[in-house]
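Colleague: What follows is upload-v6.csv, made up of CSV, C-alpha atoms:
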chain,number,residue,atom,x,y,z
A,64,ASN,CA,0.0,0.0,0.0
A,65,ASP,CA,2.8,2.5,1.0
A,66,TYR,CA,4.7,2.0,-2.3
A,67,GLY,CA,1.9,1.3,-4.7
A,68,THR,CA,3.4,-2.2,-5.4
A,69,ASP,CA,1.3,-4.8,-7.2
A,70,ARG,CA,0.1,-7.4,-4.6
A,71,LYS,CA,1.1,-10.2,-6.9
A,72,LYS,CA,4.8,-9.1,-6.4
A,73,VAL,CA,4.6,-9.4,-2.6
A,74,SER,CA,5.0,-12.7,-0.6
A,75,VAL,CA,4.9,-13.2,3.1
A,76,VAL,CA,7.2,-15.9,4.4
A,77,PRO,CA,6.5,-16.6,8.1
A,78,PHE,CA,9.2,-17.7,10.5
A,79,GLY,CA,9.6,-21.4,10.9
A,80,ALA,CA,10.8,-23.6,13.8
A,81,ASN,CA,14.1,-22.6,15.5
A,82,LEU,CA,15.5,-26.2,15.3
A,83,ASP,CA,19.0,-27.3,14.3
A,84,LYS,CA,17.7,-30.8,13.7
A,85,VAL,CA,14.2,-31.5,12.5
A,86,PRO,CA,12.8,-34.8,13.9
A,87,ASP,CA,12.3,-37.6,11.4
A,88,ARG,CA,8.7,-37.9,10.6
A,89,GLN,CA,8.8,-41.7,10.6
A,90,HIS,CA,9.9,-41.7,14.3
A,91,LEU,CA,7.2,-39.4,15.7
A,92,LYS,CA,4.7,-40.8,18.1
A,93,GLU,CA,1.1,-40.9,17.1
A,94,ASP,CA,-0.8,-42.0,20.2
A,95,ARG,CA,-1.3,-40.1,23.4
A,96,SER,CA,0.8,-40.9,26.4
A,97,ASP,CA,-0.3,-41.9,29.9
A,98,PRO,CA,0.2,-39.6,31.6
A,99,VAL,CA,-0.9,-37.0,29.0
A,100,ASN,CA,2.2,-34.7,28.7
A,101,VAL,CA,1.3,-31.0,28.3
A,102,LEU,CA,4.3,-28.8,27.4
A,103,PHE,CA,4.4,-25.1,28.4
A,104,ILE,CA,7.3,-23.0,27.1
A,105,GLY,CA,7.9,-19.4,28.1
A,106,LYS,CA,10.3,-17.2,30.0
A,107,GLU,CA,7.5,-14.8,31.1
A,108,TRP,CA,5.2,-16.9,33.3
A,109,GLY,CA,2.6,-14.2,33.6
A,110,ARG,CA,2.3,-13.0,30.1
A,111,LYS,CA,2.7,-16.5,28.6
A,112,GLY,CA,-0.3,-17.7,30.7
A,113,GLY,CA,1.5,-20.2,32.9
A,114,ALA,CA,-1.1,-20.0,35.6
A,115,VAL,CA,-3.8,-20.8,33.1
A,116,ALA,CA,-1.8,-23.9,31.9
A,117,CYS,CA,-1.2,-25.0,35.5
A,118,GLU,CA,-4.9,-24.7,36.4
A,119,ALA,CA,-6.0,-26.6,33.2
A,120,VAL,CA,-3.8,-29.5,34.2
A,121,ARG,CA,-5.1,-29.5,37.7
A,122,ILE,CA,-8.7,-29.5,36.4
A,123,LEU,CA,-7.8,-32.4,34.0
A,124,ARG,CA,-6.5,-34.4,36.9
A,125,SER,CA,-9.7,-33.7,38.9
A,126,ARG,CA,-11.6,-35.1,35.9
A,127,ASN,CA,-9.6,-38.3,36.0
A,128,VAL,CA,-7.3,-37.4,33.1
A,129,ASN,CA,-3.8,-38.3,34.2
A,130,ALA,CA,-2.0,-35.2,32.9
A,131,VAL,CA,1.4,-33.6,33.7
A,132,LEU,CA,2.4,-30.1,32.9
A,133,HIS,CA,6.1,-29.7,31.8
A,134,VAL,CA,7.3,-26.1,32.3
A,135,VAL,CA,10.2,-25.0,30.2
A,136,GLY,CA,11.8,-21.5,30.2
A,137,CYS,CA,11.2,-20.3,33.7
A,138,ASP,CA,11.0,-21.4,37.3
A,139,PRO,CA,7.8,-19.9,38.7
A,140,PRO,CA,8.1,-18.9,42.3
A,141,GLY,CA,5.9,-20.7,44.8
A,142,MET,CA,5.1,-23.5,42.3
A,143,ASP,CA,3.6,-26.6,44.0
A,144,ARG,CA,5.6,-29.5,42.5
A,145,ASP,CA,3.2,-32.2,43.4
A,146,GLY,CA,3.6,-34.5,40.4
A,147,ALA,CA,1.1,-32.5,38.3
A,148,VAL,CA,3.8,-30.0,37.4
A,149,VAL,CA,7.4,-30.6,36.5
A,150,VAL,CA,9.6,-27.5,36.2
A,151,HIS,CA,12.6,-27.9,33.8
A,152,GLY,CA,13.7,-24.3,34.0
A,153,PHE,CA,15.4,-22.5,31.2
A,154,LEU,CA,16.9,-24.8,28.5
A,155,ASP,CA,19.5,-23.2,26.2
A,156,LYS,CA,19.5,-24.8,22.8
A,157,LYS,CA,23.2,-23.9,22.4
A,158,ASN,CA,24.0,-26.3,25.3
A,159,PRO,CA,24.0,-29.9,23.9
A,160,ASP,CA,22.5,-31.4,27.1
A,161,HIS,CA,19.7,-28.8,27.2
A,162,ALA,CA,19.0,-29.2,23.5
A,163,ARG,CA,18.7,-33.0,24.0
A,164,ARG,CA,16.3,-32.5,27.0
A,165,LEU,CA,14.2,-30.1,24.9
A,166,ASP,CA,14.1,-32.6,22.0
A,167,GLU,CA,13.0,-35.3,24.5
A,168,LEU,CA,10.3,-33.1,25.9
A,169,PHE,CA,8.9,-32.2,22.5
A,170,GLY,CA,9.1,-35.9,21.5
A,171,ARG,CA,7.1,-37.0,24.5
A,172,ALA,CA,4.6,-34.1,24.5
A,173,ASP,CA,0.9,-34.7,23.7
A,174,PHE,CA,0.0,-31.0,23.5
A,175,LEU,CA,1.7,-27.7,23.6
A,176,MET,CA,-0.4,-25.4,25.8
A,177,PHE,CA,0.2,-21.7,24.8
A,178,PRO,CA,-2.3,-19.6,26.7
A,179,SER,CA,-0.3,-16.4,26.1
A,180,ALA,CA,-2.2,-13.2,26.9
A,181,GLU,CA,-0.1,-11.3,24.3
A,182,GLU,CA,2.0,-12.9,21.5
A,183,CYS,CA,3.5,-11.5,18.4
A,184,TYR,CA,4.2,-14.9,16.8
A,185,GLY,CA,5.0,-18.0,18.8
A,186,VAL,CA,7.9,-19.9,17.4
A,187,ALA,CA,7.2,-22.7,19.9
A,188,VAL,CA,4.1,-23.6,17.9
A,189,CYS,CA,6.2,-24.2,14.8
A,190,GLU,CA,8.6,-26.3,16.9
A,191,ALA,CA,5.8,-28.3,18.4
A,192,ASN,CA,4.3,-28.9,15.0
A,193,ALA,CA,7.7,-30.3,13.8
A,194,TYR,CA,7.2,-33.0,16.4
A,195,GLY,CA,3.6,-33.5,15.4
A,196,VAL,CA,2.4,-31.9,18.6
A,197,PRO,CA,-0.8,-29.9,18.3
A,198,ALA,CA,-1.0,-26.5,19.9
A,199,LEU,CA,-3.7,-25.2,22.2
A,200,ALA,CA,-3.3,-21.5,22.1
A,201,HIS,CA,-5.1,-18.2,22.8
A,202,ARG,CA,-6.6,-16.4,19.8
A,203,THR,CA,-4.3,-13.4,20.1
A,204,GLY,CA,-1.7,-11.6,18.1
A,205,GLY,CA,0.3,-13.8,15.7
A,206,LEU,CA,-1.0,-17.1,17.2
A,207,ALA,CA,-4.1,-16.9,15.1
A,208,SER,CA,-1.8,-17.0,12.0
A,209,LEU,CA,-0.1,-20.2,13.2
A,210,VAL,CA,-2.8,-22.4,14.6
A,211,GLU,CA,-5.6,-23.5,12.4
A,212,ASP,CA,-8.5,-25.0,14.4
A,213,GLY,CA,-8.8,-28.7,13.9
A,214,ARG,CA,-5.6,-28.9,11.7
A,215,ASN,CA,-2.6,-28.3,13.9
A,216,GLY,CA,-4.3,-27.4,17.2
A,217,PHE,CA,-7.1,-25.2,18.4
A,218,LEU,CA,-7.5,-21.6,19.4
A,219,SER,CA,-9.2,-20.5,22.5
A,220,SER,CA,-11.4,-17.4,22.5
A,221,THR,CA,-11.7,-17.1,26.3
A,222,ASN,CA,-8.2,-18.2,27.3
A,223,SER,CA,-9.7,-19.9,30.3
A,224,ALA,CA,-8.3,-23.1,31.9
A,225,GLN,CA,-11.8,-24.7,31.5
A,226,GLU,CA,-11.9,-24.1,27.7
A,227,TYR,CA,-8.5,-25.8,27.4
A,228,VAL,CA,-9.7,-28.7,29.5
A,229,ASP,CA,-12.8,-29.1,27.4
A,230,LEU,CA,-10.6,-29.1,24.2
A,231,VAL,CA,-8.3,-31.8,25.6
A,232,VAL,CA,-11.1,-34.0,26.8
A,233,ARG,CA,-12.9,-33.7,23.5
A,234,ILE,CA,-9.8,-34.3,21.4
A,235,LEU,CA,-8.8,-37.4,23.4
A,236,GLY,CA,-12.4,-38.7,23.3
A,237,ASP,CA,-13.5,-38.2,19.8
A,238,GLY,CA,-11.0,-40.3,17.9
A,239,THR,CA,-9.3,-37.4,16.1
A,240,TYR,CA,-6.1,-37.1,18.1
A,241,ARG,CA,-3.9,-39.3,15.8
A,242,GLN,CA,-5.0,-37.3,12.7
A,243,LEU,CA,-4.5,-34.0,14.6
A,244,ARG,CA,-0.8,-35.1,15.2
A,245,ARG,CA,-0.3,-36.0,11.6
A,246,ASP,CA,-1.8,-32.7,10.4
A,247,SER,CA,0.3,-30.8,12.9
A,248,ARG,CA,3.5,-32.3,11.3
A,249,SER,CA,2.0,-31.7,7.8
A,250,THR,CA,1.5,-28.0,8.8
A,251,PHE,CA,5.2,-27.8,9.7
A,252,ASP,CA,6.3,-29.5,6.5
A,253,THR,CA,4.3,-27.2,4.3
Written as structure tokens, how would this file's structure read?
Modeller:
Amino acid sequence: NDYGTDRKKVSVVPFGANLDKVPDRQHLKEDRSDPVNVLFIGKEWGRKGGAVACEAVRILRSRNVNAVLHVVGCDPPGMDRDGAVVVHGFLDKKNPDHARRLDELFGRADFLMFPSAEECYGVAVCEANAYGVPALAHRTGGLASLVEDGRNGFLSSTNSAQEYVDLVVRILGDGTYRQLRRDSRSTFDT
């Protein structure tokens, strides 16, 4: 618009995953785990919605869904580490041990929970999709350009723990989980 350029000459190329090594599609898991591993990644616990993710896992457990929240990127103060939450702290991808641990966490994850209150993009969604992990994210900022409802995850309008719980229970119960994982990886590939 600013330069009067023909729209046919303009392409938008979004960021991709920040991974040195892309996991081999043939070795990705397809079925959910027991416990259901929910991955949360974020340095800023508050803005990234850590409390919402934590509450969602606690509600899932109260509804007899054996779920564990894996927190990466921060060490929230006062966190009750009762088995429902495992805090891994900040993992630096430049450190080979940390990179290996992050690879393992993505490889074991059943969902990426991304209840960020504000988000420009969300590279973690691209990374999760590389592992065939669907994202459950808040419909805000750039996340709406990354997550396509029913294809590589779902977007929450309310960003409430209960809405995420309802999504997880529905996905695990309606027989679509395996296809959602495949489509998440296809989203990454394309």
Colleague: Atom CA of A:Asn81 and atom CA of A:Tyr184 are how many Å apart?
Modeller: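 Atom CA of A:Asn81 sits 12.6 Å away from atom CA of A:Tyr184.
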Colleague: List the neighbours of stretch 230-241 of chain A out to 8 Å using only C-alpha atoms; skip same-chain residues closer than 5 positions along the sequence, and give me the result as an NGL selection string.
Modeller: :A and (93-95 or 217)
Colleague: Can you measure atom CA of A:Asp212 to atom CA of A:Cys137 for me? One decimal in Å is fine.
Modeller: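 The value is 28.0 Å.
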Colleague: For A:Leu154, which residue among A:Met176, A:Val128, A:Leu168, A:Ala191 is the nearest when counting all atoms listed in the file?
Modeller: A:Leu168
Colleague: Could you pull the residues within 10 Å of A:Gly113, counting all atoms listed in the file, minus those fewer than 5 positions along the same chain, as a list in words?
Modeller: Phe103, Ile104, Gly105, Lys106, Glu107, Trp108, Glu118, Ala119, Leu132, Val134, Cys137, Pro139, Met176, Phe177, Pro178, Ser179 and Ala180 of chain A
Colleague: Can you write just those residues out, C-alpha atoms, as a compact mmCIF listing (two decimals), in the frame of the given file?
Modeller:
# COMPACT_ATOMS: atom_id res chain seq x y z
CA PHE A 103 4.40 -25.10 28.40
CA ILE A 104 7.30 -23.00 27.10
CA GLY A 105 7.90 -19.40 28.10
CA LYS A 106 10.30 -17.20 30.00
CA GLU A 107 7.50 -14.80 31.10
CA TRP A 108 5.20 -16.90 33.30
CA GLU A 118 -4.90 -24.70 36.40
CA ALA A 119 -6.00 -26.60 33.20
CA LEU A 132 2.40 -30.10 32.90
CA VAL A 134 7.30 -26.10 32.30
CA CYS A 137 11.20 -20.30 33.70
CA PRO A 139 7.80 -19.90 38.70
CA MET A 176 -0.40 -25.40 25.80
CA PHE A 177 0.20 -21.70 24.80
CA PRO A 178 -2.30 -19.60 26.70
CA SER A 179 -0.30 -16.40 26.10
CA ALA A 180 -2.20 -13.20 26.90
Colleague: Could you name the residues that touch A:Pro197 at 7 Å or less, counting all atoms listed in the file, but leaving out those on the same chain fewer than 6 positions away, as a PyMOL selection string?
Modeller: chain A and resi 174-175+191+215-216+243-244+247
Colleague: Just give me the gap between atom CA of A:Asp145 and atom CA of A:Arg164 in Å, one decimal is fine.
Modeller: 21.0 Å
Colleague: I need the residue nearest A:Ala187 from this list: A:Gly67, A:Gly136, A:Pro98, A:Gly109. Use all atoms listed in the file for the distance.
Modeller: A:Gly136
Colleague: Find the residue from A:Glu190, A:Asp83, A:Asp173, A:Asp246 that sits nearest to A:Asp97; use all atoms listed in the file when measuring.
Modeller: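 Comparing A:Glu190, A:Asp83, A:Asp173, A:Asp246 against A:Asp97, the winner is A:Asp173.
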Colleague: Name the residues within 8 Å of (15.7, -36.1, 19.1), counting all atoms listed in the file in the file's coordinates, and put them as JSON, numbers by chain.
Modeller: {"A": [84, 86, 163, 166, 167, 170]}
Colleague: Using only C-alpha atoms for the distances, tell me which of A:His133, A:His201, A:Lys111, A:Arg121 is nearest to A:Arg171.
Modeller: A:His133
Colleague: Counting only C-alpha atoms, write as a list of chain:residue names all protein and nucleic acid residues lying at most 8 Å from (-0.9, -18.0, 17.6) in the file's frame.
Modeller: A:Glu182, A:Cys183, A:Tyr184, A:Gly185, A:Val188, A:Ala200, A:His201, A:Arg202, A:Thr203, A:Gly204, A:Gly205, A:Leu206, A:Ala207, A:Ser208, A:Leu209, A:Val210, A:Leu218
Colleague: Write out as a list in words each polymer residue whose atoms come within 9 Å of A:Lys156, counting all atoms listed in the file; drop sequence neighbours fewer than 4 positions from it.
Modeller: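 Non-adjacent residues within range: Leu82, Asp83, Asp160, His161, Ala162, Arg163 and Leu165 of chain A.
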Colleague: Excluding A:Arg245 and its own-chain neighbours fewer than 3 positions away, which residues fall within 10 Å of it when counting all atoms listed in the file? Please give them as a VMD selection string.
Modeller: chain A and resid 88 91 to 93 192 194 to 197 214 to 215 240 to 242 248 to 250
Colleague: Measuring atom to atom with only C-alpha atoms, identify which of A:Gly213, A:Tyr66, A:Val99, A:Glu181 is nearest to A:Asn127.
Modeller: A:Val99
Colleague: Determine the nearest neighbour of A:Ser219 from the options A:Val131, A:Val85, A:Val101, A:Val115, counting all atoms listed in the file.
Modeller: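 So, comparing all the options, the nearest one is A:Val115.
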